[in-house]
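Participant: First, the structure itself, so that you have it in front of you.
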Amino acid sequence: MNRLLIIVIFILMVGSVLIYGQRLGMRGGRGRGRLNWNSGRIPTNIQHRSPSAVTYYDNKDGAKIVKSSHFEFDYMLGRKITFFCMAIGIPRPEITWFKDGAELYQHRFFQVHEWTIGNDTVKSKMEIDPTTQKDAGYYECQADNQYAIDRKGFRTDYVMINY
């Protein structure tokens with residue numbers, strides 16, 4: 001009886017390991033198992049916490065960032081950093097800039113320029129000139145209106161060039 005129980009448990013464990021490995025994208029049978037991190041599938045459904053979240057985030061008039069700068073930027077100390085965001089929505093979204101999670105306010109070395117296009121589009125350009133080591137970090141532009149919020153992030157770091 002004990003021997004039969006041990007065999008059944010062993011078979012269940014081996015089966016669950018094989019099923020779990022297939023779900024992770026491991027190749028079975030040939031060579032060492034490898035993980036296939038890029039399965040080529042793009043998630044199409046976002047799980048929302050409540051029904052009201054669905055109507056808020058998926059609203060057709062909600063703020064949406066449609067164009068932006070590249071997500072990673074290395075700058076030379078003393079030069080200018082420029083990031084760009086363009087958002088659409090009805091009513092026209094407002095764009096707010098953040099660095100490492102804190103809202104940025106305009107000052108002598110930090111400027112924001114905005115342009116409106118029609119009644120549903122806004123362009124925003126954020127510039128820091130001249131740059132210092134403290135300007136390295138994670139920047140975000142946030143577009144929001146009464147229906148939705150959208151964010152786009154940019155990572156910056158400085159480079160030192162030795163002559």
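A note on labels: chains of the structure tokens are A, B, ... as shown, every chain counts residues from 1, and ligands are counted from 1 in their shown order.
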Tell me, as a ChimeraX atom specification, which residues lie within 12 Å of Met126 of chain A, counting only C-alpha atoms; anything in the same chain fewer than 3 positions away does not count.
Facilitator: /A:68-69,80-86,95-99,104-107,109-114,123,129,139-141,154
Participant: Using the chain letters and numbers from this document, which residues of segment 117-153 of chain A does DSSP assign to strand (DSSP E), as an NGL selection string?
Facilitator: :A and (117 or 121-128 or 137-144 or 149-153)
Participant: Using only C-alpha atoms, pick whichever of A:Val54, A:Ala87, A:Ile6, A:Met76 has the shortest atom-to-atom distance to Lys125 of chain A.
Facilitator: A:Ala87
Participant: Measure the distance from atom CA of Ile90 of chain A to atom CA of Asp58 of chain A in Å and round it to one decimal.
Facilitator: 13.3 Å
Participant: As an exercise, work out the distance from atom CA of Thr116 of chain A to atom CA of Arg92 of chain A in Å and give it to one decimal place.
Facilitator: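 One can read the atom CA of Thr116 of chain A to atom CA of Arg92 of chain A distance as 8.5 Å.
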Participant: To one decimal place in Å, what is the distance between atom CA of Glu94 of chain A and atom CA of Thr156 of chain A?
Facilitator: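 Going from atom CA of Glu94 of chain A over to atom CA of Thr156 of chain A, I get 23.4 Å.
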